[in-house]
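Student: Here it is, the structure, as structure tokens.
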Amino acid sequence: MTLERYFHMLGGTGESSYAANSTLQKRIASGAMFLVEEAVELLVSAIPSSKTSLVFADLGCATGANTFVMLSAAMEAMSTTCTKLGRPIPEIQLLLNDLPGNDFNALLGPVLSSYKQKINESMSESGSIPFYTAAAPGSFYERLFPKRSVHFIYSSACLHWLSQVPLGLNSTTEGPINKGSFWISKKSPPNVSKMYLEQFQRDFSSFLKFRREEVHSEGHMVLIIPGRLSADPSTEESAVWISWYEEGLQDLVSKGIVKAADVDSFNIPLYFPSMSEVKSIINMEGSFEVIQEDVYEILYSDGLDAIPADIANIWEKIINISRAVLEPLLISHFGNSIIEPLFSSTLPKIYAKQFFKEKYKSANLAISLKKK
Ligand SMILES: C[S@@+](CC[C@H](N)C(=O)[O-])C[C@H]1O[C@@H](n2cnc3c(N)ncnc32)[C@H](O)[C@@H]1O
């Protein structure tokens with residue numbers, strides 16, 4: 001089954017929604033805004049001053065809470081560059097893409113109107129730049145836009161999601177081969193990490209191939225990908241929380257709430273690449289040249305706006321960060337009945353034991369690309 005059919009972040013703007021639990025992703029995006037500013041400056045300098053509008057796209061925008069980070073950085077850079085060059089500031093067409101199951105109503109309703117207000121406030125000195133929004137539902141592993149129509153493509157915290165669980169993990173002859181784990185773990189057989197890497201190579205190459213068609217000849221892309229620093233994909237470095245979910249599901253198996261066979265056949269379509277893996281795919285695919293790159297780490301605990309004063313609440317707050325991302329995926333495989341025991345009882349105990357044991361970090365790969 002492909003990811004497109006059942007995957008989305010928790011919608012709306014409520015307490016456990018993605019919109020209310022994406023501070024970590026906001027920090028991840030903020031770390032690479034210098035690349036957005038530089039790309040927009042290069043773009044605006046290369047486009048004729050008679051051009052009155054530019055098309056920007058945010059791929060995998062979810063309910064949009066963090067699109068604002070990119071949009072305001074891009075607008076500042078446009079405004080400064082145009083003033084320096086003495087040319088009029090082009091208007092922006094902003095295309096917001098995500099999978100069709102995404103909560104586009106929340107995105108185009110309350111979230112968008114709060115941006116407009118924030119943009120007007122933050123750009124008040126230089127004057128705000130008019131922007132017009134349209135939703136573009138679909139998978140970024142397919143064509144999304146007309147040929148050469150987009151000037152700037154941005155995607156943050158998305159490309160580690162594969163289009164599907166690697167083929168072969170649930171072999172029809174041998175059954176599930178990644179028993180007891182649902183991702184690349186130390187106990188997984190060695191061919192599991194190879195299958196995940198090959199799926200990432202296929203997906204990321206398709207992403208680049210389709211974007212080559214859509215990006216304008218002077219176009220740029222900035223991609224921020226949660227990744228890893230080490231060569232070994234089975235290190236828990238970027239995804240220690242996945243091992244806590246694995247422990248949580250095993251606990252539900254021991255209590256008879258979940259069947260062991262259901263855990264054995266569950267795998268998540270995520271891959272955290274290294275910068276050398278990303279760059280070798282870009283070089284092999286050949287459509288884009290790397291202008292700049294950066295690798296930086298963000299502490300998981302930075303995903304909290306503030307540590308809640310009420311300690312009983314703290315695990316709920318912390319777990320909501322991954323819950324907003326994983327809950328629809330868990331329900332599609334295990335059904336609704338695991339949600340209450342997993343999130344209210346099992347995971348809070350595991351997180352209480354593990355979360356502050358070390359300063360866990362996520363490694364992020366930011367890369368700025370220009371169409372060749
Ligand atoms: C962790 S969220 C990041 C959202 C946002 N960019 C941010 O920084 O807060 C990942 C998003 O990628 C989207 N996504 C995953 N695979 C996708 C695909 N193939 N096509 C479009 N969107 C996808 C998910 O639906 C989800 O909304």
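In the structure tokens, each chain is lettered A, B, ... as it comes, each chain's residues begin at 1, and ligands are numbered from 1 in order of appearance.
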Collect all residues with atoms no farther than 9 Å from ligand 1, counting only C-alpha atoms and all ligand atoms, and output them as a VMD selection string.

Tutor: chain A and resid 3 to 4 7 to 10 18 to 19 22 to 29 58 to 67 69 97 to 103 137 to 142 154 to 164 203 207 224 324 to 325

Student: Could you save the residues just selected, with C-alpha atoms, as a compact mmCIF listing (two decimals), in the first residue's frame?

Tutor:
```
# COMPACT_ATOMS: atom_id res chain seq x y z
CA LEU A 3 1.72 6.13 1.78
CA GLU A 4 -0.57 8.47 -0.16
CA PHE A 7 -0.92 9.04 5.68
CA HIS A 8 -1.45 12.53 7.08
CA MET A 9 -0.59 14.55 10.15
CA LEU A 10 -3.24 14.94 12.85
CA TYR A 18 0.15 18.79 14.14
CA ALA A 19 -0.45 22.55 14.01
CA SER A 22 5.25 21.33 15.40
CA THR A 23 7.64 23.58 17.33
CA LEU A 24 10.46 21.06 16.74
CA GLN A 25 9.89 21.27 12.97
CA LYS A 26 9.77 25.08 13.28
CA ARG A 27 13.20 25.05 14.93
CA ILE A 28 14.46 22.69 12.21
CA ALA A 29 13.22 25.06 9.49
CA ASP A 58 6.02 24.50 -0.15
CA LEU A 59 5.99 20.72 -0.61
CA GLY A 60 4.65 18.76 2.36
CA CYS A 61 3.37 21.85 4.18
CA ALA A 62 1.01 19.90 6.55
CA THR A 63 -1.41 22.34 8.15
CA GLY A 64 0.95 25.15 7.36
CA ALA A 65 2.11 26.24 10.81
CA ASN A 66 5.70 26.42 9.56
CA THR A 67 5.21 27.65 5.99
CA VAL A 69 8.84 30.67 8.63
CA ASN A 97 1.24 20.94 -1.37
CA ASP A 98 0.62 17.91 0.79
CA LEU A 99 -0.98 14.49 0.43
CA PRO A 100 -4.73 14.53 -0.33
CA GLY A 101 -5.63 13.34 3.22
CA ASN A 102 -4.04 16.49 4.72
CA ASP A 103 -6.36 18.89 6.55
CA PRO A 137 -2.88 18.18 -3.19
CA GLY A 138 -0.86 15.19 -4.39
CA SER A 139 2.32 13.25 -3.77
CA PHE A 140 5.61 15.01 -4.40
CA TYR A 141 6.83 11.70 -5.79
CA GLU A 142 4.69 12.55 -8.84
CA TYR A 154 10.91 24.54 -0.56
CA SER A 155 10.39 21.42 1.51
CA SER A 156 11.16 20.94 5.19
CA ALA A 157 10.94 17.83 7.36
CA CYS A 158 9.24 15.76 4.63
CA LEU A 159 11.65 13.92 2.37
CA HIS A 160 12.52 11.35 5.06
CA TRP A 161 8.97 10.00 4.39
CA LEU A 162 9.20 7.34 1.72
CA SER A 163 6.47 6.74 -0.85
CA GLN A 164 5.89 3.29 0.64
CA ASP A 203 11.98 8.04 -4.18
CA PHE A 207 11.38 13.71 -6.60
CA ILE A 224 15.66 20.39 4.66
CA ALA A 324 0.67 14.14 15.69
CA VAL A 325 2.84 12.45 13.06
```

Student: Just list the residues in segment 98-150 of chain A DSSP gives alpha helix (DSSP H) on the backbone, as a list in words.

Tutor: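 Of segment 98-150 of chain A, only Phe104, Asn105, Ala106, Leu112, Ser113, Ser114, Tyr115, Lys116, Gln117, Lys118, Ile119, Asn120, Glu121 and Ser122 of chain A fall in alpha helix (DSSP H).
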
Student: Neighbouring residues of Ala134 of chain A were defined as those with any atom within 12 Å, considering only C-alpha atoms; residues of the same chain fewer than 6 positions away were excluded. Please report them as an MDAnalysis selection string.

Tutor: chainID A and resid 55:58 92:98 104:105 107:109 112 145

Student: Dump N, CA and C atoms for the selected residues as a PDB file, in the first residue's frame?

Tutor:
```
ATOM      1  N   VAL A  55       6.375  32.329  -8.604  1.00  0.00           N
ATOM      2  CA  VAL A  55       5.623  31.202  -8.035  1.00  0.00           C
ATOM      3  C   VAL A  55       6.522  30.450  -7.048  1.00  0.00           C
ATOM      4  N   PHE A  56       6.041  30.339  -5.811  1.00  0.00           N
ATOM      5  CA  PHE A  56       6.753  29.594  -4.770  1.00  0.00           C
ATOM      6  C   PHE A  56       5.902  28.372  -4.420  1.00  0.00           C
ATOM      7  N   ALA A  57       6.559  27.265  -4.048  1.00  0.00           N
ATOM      8  CA  ALA A  57       5.787  26.096  -3.595  1.00  0.00           C
ATOM      9  C   ALA A  57       6.410  25.522  -2.335  1.00  0.00           C
ATOM     10  N   ASP A  58       5.561  25.198  -1.357  1.00  0.00           N
ATOM     11  CA  ASP A  58       6.016  24.498  -0.147  1.00  0.00           C
ATOM     12  C   ASP A  58       5.490  23.067  -0.256  1.00  0.00           C
ATOM     13  N   ILE A  92       3.595  37.287  -5.090  1.00  0.00           N
ATOM     14  CA  ILE A  92       3.907  35.857  -4.934  1.00  0.00           C
ATOM     15  C   ILE A  92       2.651  35.012  -5.103  1.00  0.00           C
ATOM     16  N   GLN A  93       2.764  33.971  -5.923  1.00  0.00           N
ATOM     17  CA  GLN A  93       1.746  32.922  -5.940  1.00  0.00           C
ATOM     18  C   GLN A  93       2.331  31.804  -5.072  1.00  0.00           C
ATOM     19  N   LEU A  94       1.655  31.460  -3.981  1.00  0.00           N
ATOM     20  CA  LEU A  94       2.178  30.447  -3.050  1.00  0.00           C
ATOM     21  C   LEU A  94       1.371  29.160  -3.191  1.00  0.00           C
ATOM     22  N   LEU A  95       2.025  28.092  -3.639  1.00  0.00           N
ATOM     23  CA  LEU A  95       1.332  26.817  -3.830  1.00  0.00           C
ATOM     24  C   LEU A  95       1.638  25.916  -2.637  1.00  0.00           C
ATOM     25  N   LEU A  96       0.579  25.438  -1.998  1.00  0.00           N
ATOM     26  CA  LEU A  96       0.761  24.650  -0.781  1.00  0.00           C
ATOM     27  C   LEU A  96       0.419  23.196  -1.069  1.00  0.00           C
ATOM     28  N   ASN A  97       1.449  22.349  -1.031  1.00  0.00           N
ATOM     29  CA  ASN A  97       1.238  20.940  -1.373  1.00  0.00           C
ATOM     30  C   ASN A  97       1.298  20.045  -0.140  1.00  0.00           C
ATOM     31  N   ASP A  98       0.492  19.044  -0.146  1.00  0.00           N
ATOM     32  CA  ASP A  98       0.622  17.912   0.792  1.00  0.00           C
ATOM     33  C   ASP A  98      -0.204  16.770   0.219  1.00  0.00           C
ATOM     34  N   PHE A 104      -6.587  20.310   4.570  1.00  0.00           N
ATOM     35  CA  PHE A 104      -6.468  21.557   3.803  1.00  0.00           C
ATOM     36  C   PHE A 104      -7.461  22.603   4.298  1.00  0.00           C
ATOM     37  N   ASN A 105      -8.540  22.158   4.953  1.00  0.00           N
ATOM     38  CA  ASN A 105      -9.501  23.140   5.479  1.00  0.00           C
ATOM     39  C   ASN A 105      -8.872  23.989   6.575  1.00  0.00           C
ATOM     40  N   LEU A 107      -5.670  24.418   6.964  1.00  0.00           N
ATOM     41  CA  LEU A 107      -4.587  25.182   6.333  1.00  0.00           C
ATOM     42  C   LEU A 107      -5.106  26.452   5.648  1.00  0.00           C
ATOM     43  N   LEU A 108      -6.151  26.296   4.853  1.00  0.00           N
ATOM     44  CA  LEU A 108      -6.609  27.443   4.070  1.00  0.00           C
ATOM     45  C   LEU A 108      -7.558  28.352   4.856  1.00  0.00           C
ATOM     46  N   GLY A 109      -7.970  27.867   6.041  1.00  0.00           N
ATOM     47  CA  GLY A 109      -8.874  28.662   6.877  1.00  0.00           C
ATOM     48  C   GLY A 109      -8.090  29.416   7.952  1.00  0.00           C
ATOM     49  N   LEU A 112      -4.091  30.166   7.508  1.00  0.00           N
ATOM     50  CA  LEU A 112      -3.755  31.174   6.498  1.00  0.00           C
ATOM     51  C   LEU A 112      -4.109  32.595   6.955  1.00  0.00           C
ATOM     52  N   PHE A 145       2.964  20.224 -10.818  1.00  0.00           N
ATOM     53  CA  PHE A 145       2.756  21.552 -11.404  1.00  0.00           C
ATOM     54  C   PHE A 145       3.093  21.523 -12.907  1.00  0.00           C
TER      55      PHE A 145
END
```

Student: Using only C-alpha atoms, find the one residue out of A:Phe152, A:Tyr296, A:Phe266, A:Tyr115 that sits nearest to Trp183 of chain A.

Tutor: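 Counting only C-alpha atoms, the residue closest to Trp183 of chain A is A:Phe266.
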
Student: If you count only C-alpha atoms, which residues fall within 12 Å of Lys51 of chain A, apart from same-chain ones fewer than 5 positions away, as a list of chain:residue names?

Tutor: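 My list of contacting residues is A:Leu43, A:Val44, A:Ser45, A:Ala46, A:Cys82, A:Arg87, A:Pro88, A:Ile89, A:Pro90, A:Glu91, A:Ile92, A:His151.
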
Student: Between A:Leu85, A:Ala77, A:Leu71, A:Val278, which is the closest to Pro48 of chain A once you count only C-alpha atoms?

Tutor: A:Leu85

Student: Using only C-alpha atoms, which of A:Leu329, A:Leu167, A:Leu365, A:Val150 sits nearest Ser217 of chain A?

Tutor: A:Val150

Student: Taking the DSSP assignment computed from this structure's backbone, write out as a ChimeraX atom specification all residues of segment 43-287 of chain A that belong to strand (DSSP E).

Tutor: /A:53-59,91-98,131-137,150-156,170-171,175-176,215-227

Student: Using N, CA and C atoms, can you export the residues from the last selection as a short mmCIF file (atom, residue, chain, number, x, y, z; two decimals), in the first residue's frame?

Tutor:
```cif
data_model
loop_
_atom_site.label_atom_id
_atom_site.label_comp_id
_atom_site.auth_asym_id
_atom_site.auth_seq_id
_atom_site.Cartn_x
_atom_site.Cartn_y
_atom_site.Cartn_z
N SER A 53 5.36 38.68 -11.14
CA SER A 53 4.98 37.71 -10.09
C SER A 53 5.90 36.50 -10.15
N LEU A 54 6.10 35.89 -8.98
CA LEU A 54 6.92 34.68 -8.87
C LEU A 54 6.09 33.58 -8.22
N VAL A 55 6.38 32.33 -8.60
CA VAL A 55 5.62 31.20 -8.04
C VAL A 55 6.52 30.45 -7.05
N PHE A 56 6.04 30.34 -5.81
CA PHE A 56 6.75 29.59 -4.77
C PHE A 56 5.90 28.37 -4.42
N ALA A 57 6.56 27.27 -4.05
CA ALA A 57 5.79 26.10 -3.60
C ALA A 57 6.41 25.52 -2.34
N ASP A 58 5.56 25.20 -1.36
CA ASP A 58 6.02 24.50 -0.15
C ASP A 58 5.49 23.07 -0.26
N LEU A 59 6.40 22.11 -0.42
CA LEU A 59 5.99 20.72 -0.61
C LEU A 59 5.97 19.99 0.74
N GLU A 91 4.86 40.13 -6.99
CA GLU A 91 3.89 39.48 -6.10
C GLU A 91 4.20 37.98 -6.07
N ILE A 92 3.60 37.29 -5.09
CA ILE A 92 3.91 35.86 -4.93
C ILE A 92 2.65 35.01 -5.10
N GLN A 93 2.76 33.97 -5.92
CA GLN A 93 1.75 32.92 -5.94
C GLN A 93 2.33 31.80 -5.07
N LEU A 94 1.66 31.46 -3.98
CA LEU A 94 2.18 30.45 -3.05
C LEU A 94 1.37 29.16 -3.19
N LEU A 95 2.02 28.09 -3.64
CA LEU A 95 1.33 26.82 -3.83
C LEU A 95 1.64 25.92 -2.64
N LEU A 96 0.58 25.44 -2.00
CA LEU A 96 0.76 24.65 -0.78
C LEU A 96 0.42 23.20 -1.07
N ASN A 97 1.45 22.35 -1.03
CA ASN A 97 1.24 20.94 -1.37
C ASN A 97 1.30 20.04 -0.14
N ASP A 98 0.49 19.04 -0.15
CA ASP A 98 0.62 17.91 0.79
C ASP A 98 -0.20 16.77 0.22
N PHE A 131 0.51 38.16 -1.50
CA PHE A 131 0.67 36.76 -1.90
C PHE A 131 -0.69 36.10 -2.03
N TYR A 132 -0.79 35.19 -2.99
CA TYR A 132 -2.05 34.53 -3.32
C TYR A 132 -1.83 33.03 -3.19
N THR A 133 -2.71 32.38 -2.44
CA THR A 133 -2.45 30.99 -2.09
C THR A 133 -3.33 30.04 -2.86
N ALA A 134 -2.78 28.87 -3.19
CA ALA A 134 -3.61 27.80 -3.75
C ALA A 134 -3.12 26.47 -3.20
N ALA A 135 -4.07 25.56 -2.97
CA ALA A 135 -3.69 24.23 -2.48
C ALA A 135 -3.33 23.37 -3.68
N ALA A 136 -2.34 22.50 -3.48
CA ALA A 136 -1.92 21.59 -4.56
C ALA A 136 -1.80 20.18 -3.99
N PRO A 137 -2.95 19.51 -3.79
CA PRO A 137 -2.88 18.18 -3.19
C PRO A 137 -2.25 17.16 -4.14
N VAL A 150 7.43 26.90 -11.77
CA VAL A 150 7.70 27.27 -10.37
C VAL A 150 9.11 27.87 -10.24
N HIS A 151 9.21 29.00 -9.53
CA HIS A 151 10.51 29.66 -9.41
C HIS A 151 11.29 29.20 -8.18
N PHE A 152 10.55 28.87 -7.11
CA PHE A 152 11.26 28.49 -5.88
C PHE A 152 10.48 27.36 -5.19
N ILE A 153 11.19 26.26 -4.96
CA ILE A 153 10.56 25.12 -4.27
C ILE A 153 11.24 24.93 -2.92
N TYR A 154 10.40 24.70 -1.92
CA TYR A 154 10.91 24.54 -0.56
C TYR A 154 10.24 23.31 0.04
N SER A 155 11.01 22.55 0.81
CA SER A 155 10.39 21.42 1.51
C SER A 155 11.16 21.19 2.80
N SER A 156 10.47 21.14 3.91
CA SER A 156 11.16 20.94 5.19
C SER A 156 10.51 19.81 5.98
N ASN A 170 7.77 -7.43 3.71
CA ASN A 170 6.77 -8.45 4.01
C ASN A 170 6.72 -9.42 2.83
N SER A 171 7.76 -10.29 2.77
CA SER A 171 7.89 -11.18 1.63
C SER A 171 6.75 -12.19 1.62
N GLY A 175 7.27 -14.43 4.70
CA GLY A 175 6.57 -13.64 5.73
C GLY A 175 7.40 -12.43 6.10
N PRO A 176 7.02 -11.74 7.20
CA PRO A 176 7.75 -10.52 7.57
C PRO A 176 9.21 -10.83 7.90
N VAL A 215 10.46 23.12 -12.43
CA VAL A 215 11.18 24.33 -12.01
C VAL A 215 11.58 25.18 -13.23
N HIS A 216 11.38 26.46 -13.09
CA HIS A 216 11.77 27.47 -14.10
C HIS A 216 13.28 27.40 -14.34
N SER A 217 13.75 27.86 -15.50
CA SER A 217 15.19 27.70 -15.80
C SER A 217 16.09 28.45 -14.80
N GLU A 218 15.59 29.50 -14.16
CA GLU A 218 16.39 30.20 -13.14
C GLU A 218 16.01 29.74 -11.72
N GLY A 219 15.26 28.63 -11.66
CA GLY A 219 14.67 28.23 -10.38
C GLY A 219 15.64 27.64 -9.37
N HIS A 220 15.24 27.76 -8.10
CA HIS A 220 16.03 27.21 -6.99
C HIS A 220 15.16 26.32 -6.13
N MET A 221 15.81 25.44 -5.38
CA MET A 221 15.09 24.63 -4.36
C MET A 221 15.91 24.66 -3.08
N VAL A 222 15.21 24.72 -1.94
CA VAL A 222 15.87 24.51 -0.65
C VAL A 222 15.15 23.34 0.02
N LEU A 223 15.93 22.30 0.32
CA LEU A 223 15.36 21.09 0.94
C LEU A 223 16.00 20.90 2.31
N ILE A 224 15.15 20.67 3.30
CA ILE A 224 15.66 20.39 4.66
C ILE A 224 15.19 18.98 5.01
N ILE A 225 16.14 18.08 5.21
CA ILE A 225 15.78 16.67 5.40
C ILE A 225 16.30 16.17 6.75
N PRO A 226 15.40 15.69 7.62
CA PRO A 226 15.90 15.07 8.84
C PRO A 226 16.76 13.87 8.44
N GLY A 227 17.99 13.84 8.94
CA GLY A 227 18.91 12.79 8.48
C GLY A 227 19.75 12.26 9.62
#
```

Student: Go through segment 168-259 of chain A residue by residue and, counting only C-alpha atoms, keep those with an atom at most 8 Å from segment 283-292 of chain A; for each kept residue give the shortest atom pair and its distance in Å to one decimal, ordered by chain and increasing number, as CSV.

Tutor:
```
residue,atom,partner,partner_atom,distance
A:Ser205,CA,A:Glu285,CA,6.1
A:Leu208,CA,A:Ser287,CA,7.1
A:Lys209,CA,A:Ser287,CA,7.2
A:Arg212,CA,A:Ser287,CA,6.1
```
